[in-house]
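S.K.: Below is the structure I would like to discuss, written out as structure tokens.
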Amino acid sequence: MKIGAASYPPTPQAMGSTGHFFKVNQNPWLNVHVTVVKSGPHKGYEAVVKNIIPGQASFNKLRLEIQFLHFDPSSPFKTAIVDYDDVVESM
């Protein structure tokens, strides 16, 4: 099977809860609001996930590129790369 080809009949893993197909490269973490919870200079800040970096040397093999929501005139639209375990989803 080619990458990106949908299996037929549709499997439950290939369909969303609404019955529509997911795109192959769709990632549910993109544009999700998160809060940094691990100790460090960014603890407590809220951010938006902009990129997922797989295959890293961290425990869970995932790192996230996040863009902070707070305003800092010296570095607007500041981004940082954090471990997946360093953030939780904000409500």
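The chains in the structure tokens are called A, B, ... from first to last as shown; in each chain the residues are counted from 1, and the ligands are counted from 1 in the order shown.
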What's the 10 Å shell around A:Val36, counting only C-alpha atoms, without same-chain residues fewer than 2 positions away, as a list in words?
M.R.: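 These residues fall inside the cut-off: Val34, Lys38, Ser39, Gly40, Pro41, His42, Lys43, Gly44, Tyr45, Glu46, Ala47, Ile66, Phe68, Val82, Asp83, Tyr84, Asp85, Asp86, Val87, Val88, Glu89 and Ser90 of chain A.
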S.K.: List the spatial neighbours of stretch 49-62 of chain A as number ranges by chain - criterion: any atom at most 7 Å away, only C-alpha atoms, same-chain residues fewer than 3 positions off excluded.
M.R.: A: 29-33, 65-67, 83-84
